[in-house]
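This is upload-v8.cif. It holds mmCIF, C-alpha atoms.
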```cif
data_data
loop_
_atom_site.label_atom_id
_atom_site.label_comp_id
_atom_site.auth_asym_id
_atom_site.auth_seq_id
_atom_site.Cartn_x
_atom_site.Cartn_y
_atom_site.Cartn_z
CA MET A 1 43.25 167.57 110.03
CA SER A 2 43.81 163.82 110.42
CA SER A 3 47.04 162.15 109.31
CA ALA A 4 45.24 160.32 106.51
CA ARG A 5 43.70 163.60 105.33
CA VAL A 6 47.11 165.32 105.35
CA ASP A 7 48.66 162.49 103.33
CA HIS A 8 45.81 162.72 100.82
CA GLN A 9 46.21 166.48 100.45
CA ILE A 10 49.98 166.19 100.02
CA SER A 11 49.50 163.55 97.33
CA LEU A 12 46.91 165.75 95.62
CA PHE A 13 49.18 168.80 95.67
CA ARG A 14 52.10 166.81 94.28
CA SER A 15 49.99 165.39 91.46
CA GLN A 16 48.70 168.87 90.54
CA VAL A 17 52.24 170.22 90.28
CA GLU A 18 53.44 167.17 88.33
CA LEU A 19 50.53 167.71 85.95
CA ARG A 20 51.75 171.32 85.61
CA ARG A 21 48.54 172.84 86.91
CA PHE A 22 49.94 176.11 88.17
CA ASP A 23 46.77 177.84 89.28
CA ASP A 24 45.00 179.19 92.36
CA GLY A 25 43.34 175.82 92.96
CA THR A 26 46.71 174.12 93.45
CA LEU A 27 47.82 176.90 95.78
CA ARG A 28 44.64 176.52 97.85
CA ILE A 29 45.48 172.84 98.36
CA LEU A 30 48.94 173.86 99.58
CA GLU A 31 47.47 176.49 101.87
CA SER A 32 45.05 173.98 103.40
CA LEU A 33 48.01 171.75 104.29
CA LEU A 34 49.67 174.46 106.33
CA VAL A 35 46.98 175.14 108.94
CA SER A 36 47.90 172.33 111.34
CA LYS A 37 47.94 173.22 115.03
CA ASP A 38 50.52 170.52 115.68
CA VAL A 39 53.79 172.46 115.44
CA LYS A 40 55.96 169.37 114.96
CA SER A 41 53.76 168.04 112.16
CA LEU A 42 53.55 171.48 110.57
CA LEU A 43 57.33 171.83 110.50
CA GLU A 44 57.74 168.37 108.99
CA VAL A 45 55.11 169.08 106.32
CA ARG A 46 56.66 172.47 105.49
CA SER A 47 60.11 170.94 105.14
CA SER A 48 58.87 168.10 102.93
CA LEU A 49 56.81 170.41 100.72
CA SER A 50 59.62 172.97 100.41
CA ASP A 51 62.00 170.28 99.19
CA PHE A 52 59.43 169.06 96.68
CA ILE A 53 58.59 172.57 95.40
CA ARG A 54 62.29 173.41 95.09
CA ARG A 55 63.00 170.33 92.98
CA GLU A 56 59.95 170.83 90.80
CA SER A 57 60.62 174.54 90.25
CA LEU A 58 64.11 173.81 88.91
CA SER A 59 62.76 171.12 86.62
CA VAL A 60 59.88 173.27 85.36
CA ILE A 61 62.06 176.32 84.70
CA ARG A 62 64.27 174.17 82.49
CA GLU A 63 61.19 172.87 80.69
CA ILE A 64 59.86 176.35 79.85
CA ALA A 65 63.16 177.79 78.61
CA ASP A 66 61.75 178.21 75.10
CA LYS A 67 58.32 179.47 76.16
CA SER A 68 57.12 183.06 75.93
CA VAL A 69 58.13 185.56 78.59
CA GLU A 70 54.49 185.80 79.67
CA HIS A 71 54.33 182.06 80.30
CA LYS A 72 57.64 182.09 82.17
CA LEU A 73 56.54 184.94 84.42
CA SER A 74 53.23 183.21 85.13
CA VAL A 75 54.98 179.99 86.20
CA VAL A 76 57.56 181.86 88.27
CA GLU A 77 54.78 183.79 90.02
CA PHE A 78 53.12 180.49 90.95
CA PHE A 79 56.31 179.18 92.55
CA VAL A 80 56.96 182.50 94.29
CA ARG A 81 53.55 182.23 95.96
CA ALA A 82 54.08 178.53 96.72
CA PHE A 83 57.42 179.21 98.41
CA ALA A 84 55.87 182.06 100.37
CA LEU A 85 53.11 179.76 101.65
CA ALA A 86 55.65 177.06 102.57
CA GLY A 87 57.78 179.59 104.43
CA ASP A 88 60.83 179.17 102.19
CA ILE A 89 61.77 182.85 102.10
CA GLU A 90 65.17 182.31 100.45
CA SER A 91 63.70 180.46 97.44
CA CYS A 92 60.84 182.94 97.25
CA LEU A 93 63.21 185.92 97.06
CA ALA A 94 65.48 184.12 94.59
CA LEU A 95 62.61 183.58 92.16
CA ARG A 96 61.31 187.11 92.64
CA TYR A 97 64.75 188.38 91.68
CA GLU A 98 64.79 186.12 88.60
CA ALA A 99 61.39 187.47 87.55
CA LEU A 100 62.47 191.10 87.95
CA ALA A 101 65.72 190.45 86.06
CA LEU A 102 63.82 188.70 83.24
CA ARG A 103 61.39 191.58 82.93
CA GLU A 104 64.21 194.11 82.87
CA LEU A 105 66.03 192.11 80.19
CA ARG A 106 62.95 191.95 77.94
CA SER A 107 61.61 195.45 78.67
CA PRO A 108 63.35 197.27 75.75
CA SER A 109 61.09 195.44 73.31
CA ASN A 110 58.12 195.12 75.68
CA GLN A 111 57.47 198.32 77.64
CA TRP A 112 54.80 196.68 79.77
CA LEU A 113 57.52 194.51 81.29
CA ARG A 114 59.52 197.49 82.54
CA VAL A 115 60.38 197.26 86.24
CA SER A 116 59.68 200.40 88.26
CA TYR A 117 62.12 201.70 90.82
CA GLU A 118 59.41 201.13 93.48
CA GLU A 119 59.41 197.41 92.68
CA TRP A 120 63.18 197.24 93.01
CA MET A 121 63.05 199.19 96.28
CA THR A 122 60.36 196.94 97.73
CA PHE A 123 62.38 193.88 96.79
CA ALA A 124 65.52 195.45 98.29
CA GLU A 125 63.70 196.13 101.56
CA HIS A 126 62.39 192.56 101.77
CA SER A 127 65.86 191.16 101.02
CA LEU A 128 67.42 193.41 103.66
CA ASP A 129 64.82 192.45 106.26
CA ASN A 130 65.51 188.76 105.68
CA GLY A 131 69.29 189.03 105.79
CA PHE A 132 70.11 188.79 102.07
CA TYR A 133 72.33 191.85 102.05
CA SER A 134 74.23 191.32 98.79
CA ILE A 135 70.97 190.84 96.87
CA ALA A 136 69.54 193.92 98.57
CA THR A 137 72.58 195.90 97.43
CA LYS A 138 72.11 194.81 93.81
CA ALA A 139 68.40 195.63 93.97
CA CYS A 140 69.21 199.12 95.26
CA GLU A 141 71.62 199.65 92.39
CA SER A 142 68.89 198.59 89.93
CA ALA A 143 66.38 200.88 91.64
CA LEU A 144 68.77 203.83 91.47
CA SER A 145 69.63 203.17 87.83
CA CYS A 146 65.96 202.84 86.94
CA PHE A 147 65.02 206.03 88.76
CA GLU A 148 67.87 208.13 87.41
CA MET A 149 67.05 207.00 83.88
CA ASN A 150 63.56 208.41 84.20
CA GLY A 151 64.22 211.15 86.73
CA VAL A 152 64.22 214.91 86.36
CA ASN A 153 67.51 216.81 86.67
CA ASP A 154 66.16 220.30 86.06
CA PRO A 155 66.15 222.36 89.35
CA GLN A 156 63.26 224.39 87.94
CA HIS A 157 61.07 221.34 87.54
CA ASP A 158 58.40 220.72 90.18
CA ASP A 159 59.59 217.14 90.79
CA PHE A 160 63.28 218.03 91.14
CA PHE A 161 63.39 218.06 94.96
CA ARG A 162 61.17 215.00 95.19
CA ASN A 163 63.65 213.21 92.96
CA ILE A 164 66.49 214.15 95.29
CA GLU A 165 64.48 212.76 98.20
CA VAL A 166 63.84 209.46 96.41
CA THR A 167 67.46 209.14 95.35
CA GLY A 168 68.55 209.76 98.94
CA LYS A 169 66.17 207.10 100.22
CA ILE A 170 67.52 204.52 97.78
CA LYS A 171 71.11 205.38 98.68
CA ARG A 172 70.38 205.10 102.42
CA LEU A 173 68.81 201.71 101.83
CA LYS A 174 71.87 200.60 99.89
CA ASP A 175 74.19 201.94 102.61
CA ALA A 176 72.27 199.93 105.19
CA ALA A 177 72.63 196.77 103.07
CA VAL A 178 76.36 197.37 102.54
CA ALA A 179 76.90 198.08 106.25
CA SER A 180 74.99 194.93 107.23
CA LEU A 181 77.02 192.86 104.77
CA ALA A 182 80.27 194.28 106.14
CA SER A 183 79.12 193.73 109.72
CA ARG A 184 78.30 190.10 109.02
CA SER A 185 81.71 189.65 107.40
CA VAL A 186 83.41 191.22 110.42
CA ARG A 187 81.41 189.01 112.81
CA ALA A 188 82.39 185.94 110.83
CA GLN A 189 86.06 186.94 110.90
CA ALA A 190 85.85 187.71 114.62
CA ALA A 191 84.25 184.33 115.31
CA ASP A 192 87.01 182.56 113.37
CA TYR A 193 89.67 184.55 115.25
CA LEU A 194 88.17 183.78 118.66
CA LYS A 195 87.85 180.11 117.78
CA LYS A 196 91.51 180.04 116.76
CA LYS A 197 92.60 181.80 119.96
CA LEU A 198 90.59 179.40 122.12
CA VAL A 199 92.32 176.46 120.46
CA GLU A 200 95.71 178.10 121.04
CA MET A 201 94.99 178.98 124.68
CA ASN A 202 93.49 175.63 125.68
CA PRO A 203 95.47 172.40 125.41
CA SER A 204 93.84 169.46 123.71
CA PRO A 205 91.63 167.30 125.95
CA SER A 206 93.99 164.34 125.69
CA LEU A 207 96.99 166.46 126.69
CA ALA A 208 95.09 168.03 129.56
CA LEU A 209 94.07 164.57 130.74
CA LYS A 210 97.69 163.35 130.61
CA GLU A 211 98.85 166.38 132.59
CA LYS A 212 96.13 165.80 135.17
CA GLN A 213 97.02 162.11 135.45
CA PHE A 214 100.73 162.95 135.76
CA SER A 215 100.04 165.44 138.53
CA ALA A 216 97.88 162.94 140.42
CA SER A 217 100.42 160.13 140.15
CA THR A 218 103.18 162.45 141.43
CA LEU A 219 101.12 163.41 144.48
CA PHE A 220 100.39 159.75 145.10
CA ARG A 221 104.08 158.79 144.97
CA ASP A 222 104.99 161.70 147.26
CA GLY A 223 102.38 160.51 149.73
CA ILE A 224 103.87 157.00 149.76
CA LYS A 225 107.35 158.41 150.38
CA LYS A 226 106.13 160.50 153.31
CA HIS A 227 104.25 157.54 154.75
CA ASN A 228 107.34 155.30 154.50
CA ALA A 229 109.51 158.01 156.05
CA ARG A 230 107.17 158.26 159.05
CA LYS A 231 107.19 154.47 159.47
CA LEU A 232 111.00 154.45 159.38
CA LEU A 233 111.23 157.16 162.03
CA ASP A 234 108.75 155.33 164.24
CA HIS A 235 110.70 152.10 163.84
CA ARG A 236 113.98 153.81 164.75
CA ARG A 237 112.38 155.48 167.78
CA ILE A 238 111.06 152.13 169.04
CA ASN A 239 114.48 150.44 168.57
CA HIS A 240 116.18 153.28 170.41
CA ILE A 241 113.85 152.97 173.38
CA THR A 242 114.17 149.20 173.68
CA SER A 243 117.96 149.28 173.36
CA GLU A 244 118.51 151.75 176.26
CA PRO A 245 119.92 150.04 179.51
CA ASP A 246 117.65 149.84 182.51
CA SER A 247 118.84 152.46 185.04
CA ASN A 248 117.50 150.41 187.96
CA LEU A 249 119.77 147.49 187.38
#
```
Any chance you could put this one into structure tokens?
Amino acid sequence: MSSARVDHQISLFRSQVELRRFDDGTLRILESLLVSKDVKSLLEVRSSLSDFIRRESLSVIREIADKSVEHKLSVVEFFVRAFALAGDIESCLALRYEALALRELRSPSNQWLRVSYEEWMTFAEHSLDNGFYSIATKACESALSCFEMNGVNDPQHDDFFRNIEVTGKIKRLKDAAVASLASRSVRAQAADYLKKKLVEMNPSPSLALKEKQFSASTLFRDGIKKHNARKLLDHRRINHITSEPDSNL
């Protein structure tokens, strides 16, 4: 795709979003922009589009605060897909979480909005895979709460042991998220500690330079002293020889 064509497509995508046309057609324009074989250009376009989508999503979400939950979810879904296409995984997951939380909040009066434990688990897995451990932990807690609310606790029931298996899977997923979060915290603390120790063990560059210069100047002065001492000895030796009386006289 030529540079002029890319600029035209970017302008078209921006205008569609600014006109609040959140449909598949607008997403197809975005998708067509992200097929460049030029890696440098692709990265630049992705970065520019991600910034634009992020700004617009915040503005639009404020605009639709008083709209119906159906409208809100539709708009959020558009931006989730847009962020996914642009490769902005963090923003994509953030909006997915907002959508799930909104549905859960409104589900008591609208059963069709109820979030299943499978949805929470899938979201937790995606968050864990992408390094968002605290969000994954919260999603696991929501999945477990959702499942236990609708689970079967009767050992005589056919689904009893399946429920234990599902509960165990959710708990293992949560444990993995918690362990990863703790590990990252430990690594961060270890990095800070090592950085501090390196600073303590190594003198500042300016001090090291002064010490090096001082050592060099000392060696230089010692060399001059030794050279002068040799010259003095040679001078005395010559005077001694010339001052001795001639034995043949």
Selection dump of the PyMOL selection byres ((chain A and resi 142-148) around 7), as a list in words:
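Matching residues under the PyMOL selection byres ((chain A and resi 142-148) around 7) are Ser116, Tyr117, Trp120, Met121, Lys138, Ala139, Cys140, Glu141, Met149, Asn150, Gly151, Thr167 and Ile170 of chain A.
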Write out as a list of chain:residue names which residues come within 9 Å of range 124-128 of chain A when counting only C-alpha atoms, dropping same-chain ones fewer than 3 positions away.
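So the residues in contact are A:Glu90, A:Leu93, A:Glu119, A:Trp120, A:Met121, A:Gly131, A:Phe132, A:Tyr133, A:Ser134, A:Ile135, A:Ala136, A:Thr137, A:Lys138, A:Ala139, A:Cys140, A:Ala143, A:Leu173, A:Lys174, A:Ala176, A:Ala177, A:Ser180.
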Please write as a CSV table (one decimal) with C-alpha atoms, in the coordinates of the input the full residue list that the PyMOL selection byres ((chain A and resi 96-108) around 9) yields on this file.
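The resulting result-v1.csv:
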```
chain,number,residue,atom,x,y,z
A,69,VAL,CA,58.1,185.6,78.6
A,72,LYS,CA,57.6,182.1,82.2
A,73,LEU,CA,56.5,184.9,84.4
A,76,VAL,CA,57.6,181.9,88.3
A,77,GLU,CA,54.8,183.8,90.0
A,80,VAL,CA,57.0,182.5,94.3
A,91,SER,CA,63.7,180.5,97.4
A,92,CYS,CA,60.8,182.9,97.2
A,93,LEU,CA,63.2,185.9,97.1
A,94,ALA,CA,65.5,184.1,94.6
A,95,LEU,CA,62.6,183.6,92.2
A,109,SER,CA,61.1,195.4,73.3
A,110,ASN,CA,58.1,195.1,75.7
A,111,GLN,CA,57.5,198.3,77.6
A,112,TRP,CA,54.8,196.7,79.8
A,113,LEU,CA,57.5,194.5,81.3
A,114,ARG,CA,59.5,197.5,82.5
A,115,VAL,CA,60.4,197.3,86.2
A,119,GLU,CA,59.4,197.4,92.7
A,120,TRP,CA,63.2,197.2,93.0
A,123,PHE,CA,62.4,193.9,96.8
A,135,ILE,CA,71.0,190.8,96.9
A,139,ALA,CA,68.4,195.6,94.0
```
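Interatomic distance, CA of Leu27 in chain A to CA of Glu70 in chain A: 19.6 Å.
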When you draw a straight line from CA of Ser74 in chain A to CA of Ile53 in chain A, how long is it in Å?
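One can read the CA of Ser74 in chain A to CA of Ile53 in chain A distance as 15.7 Å.
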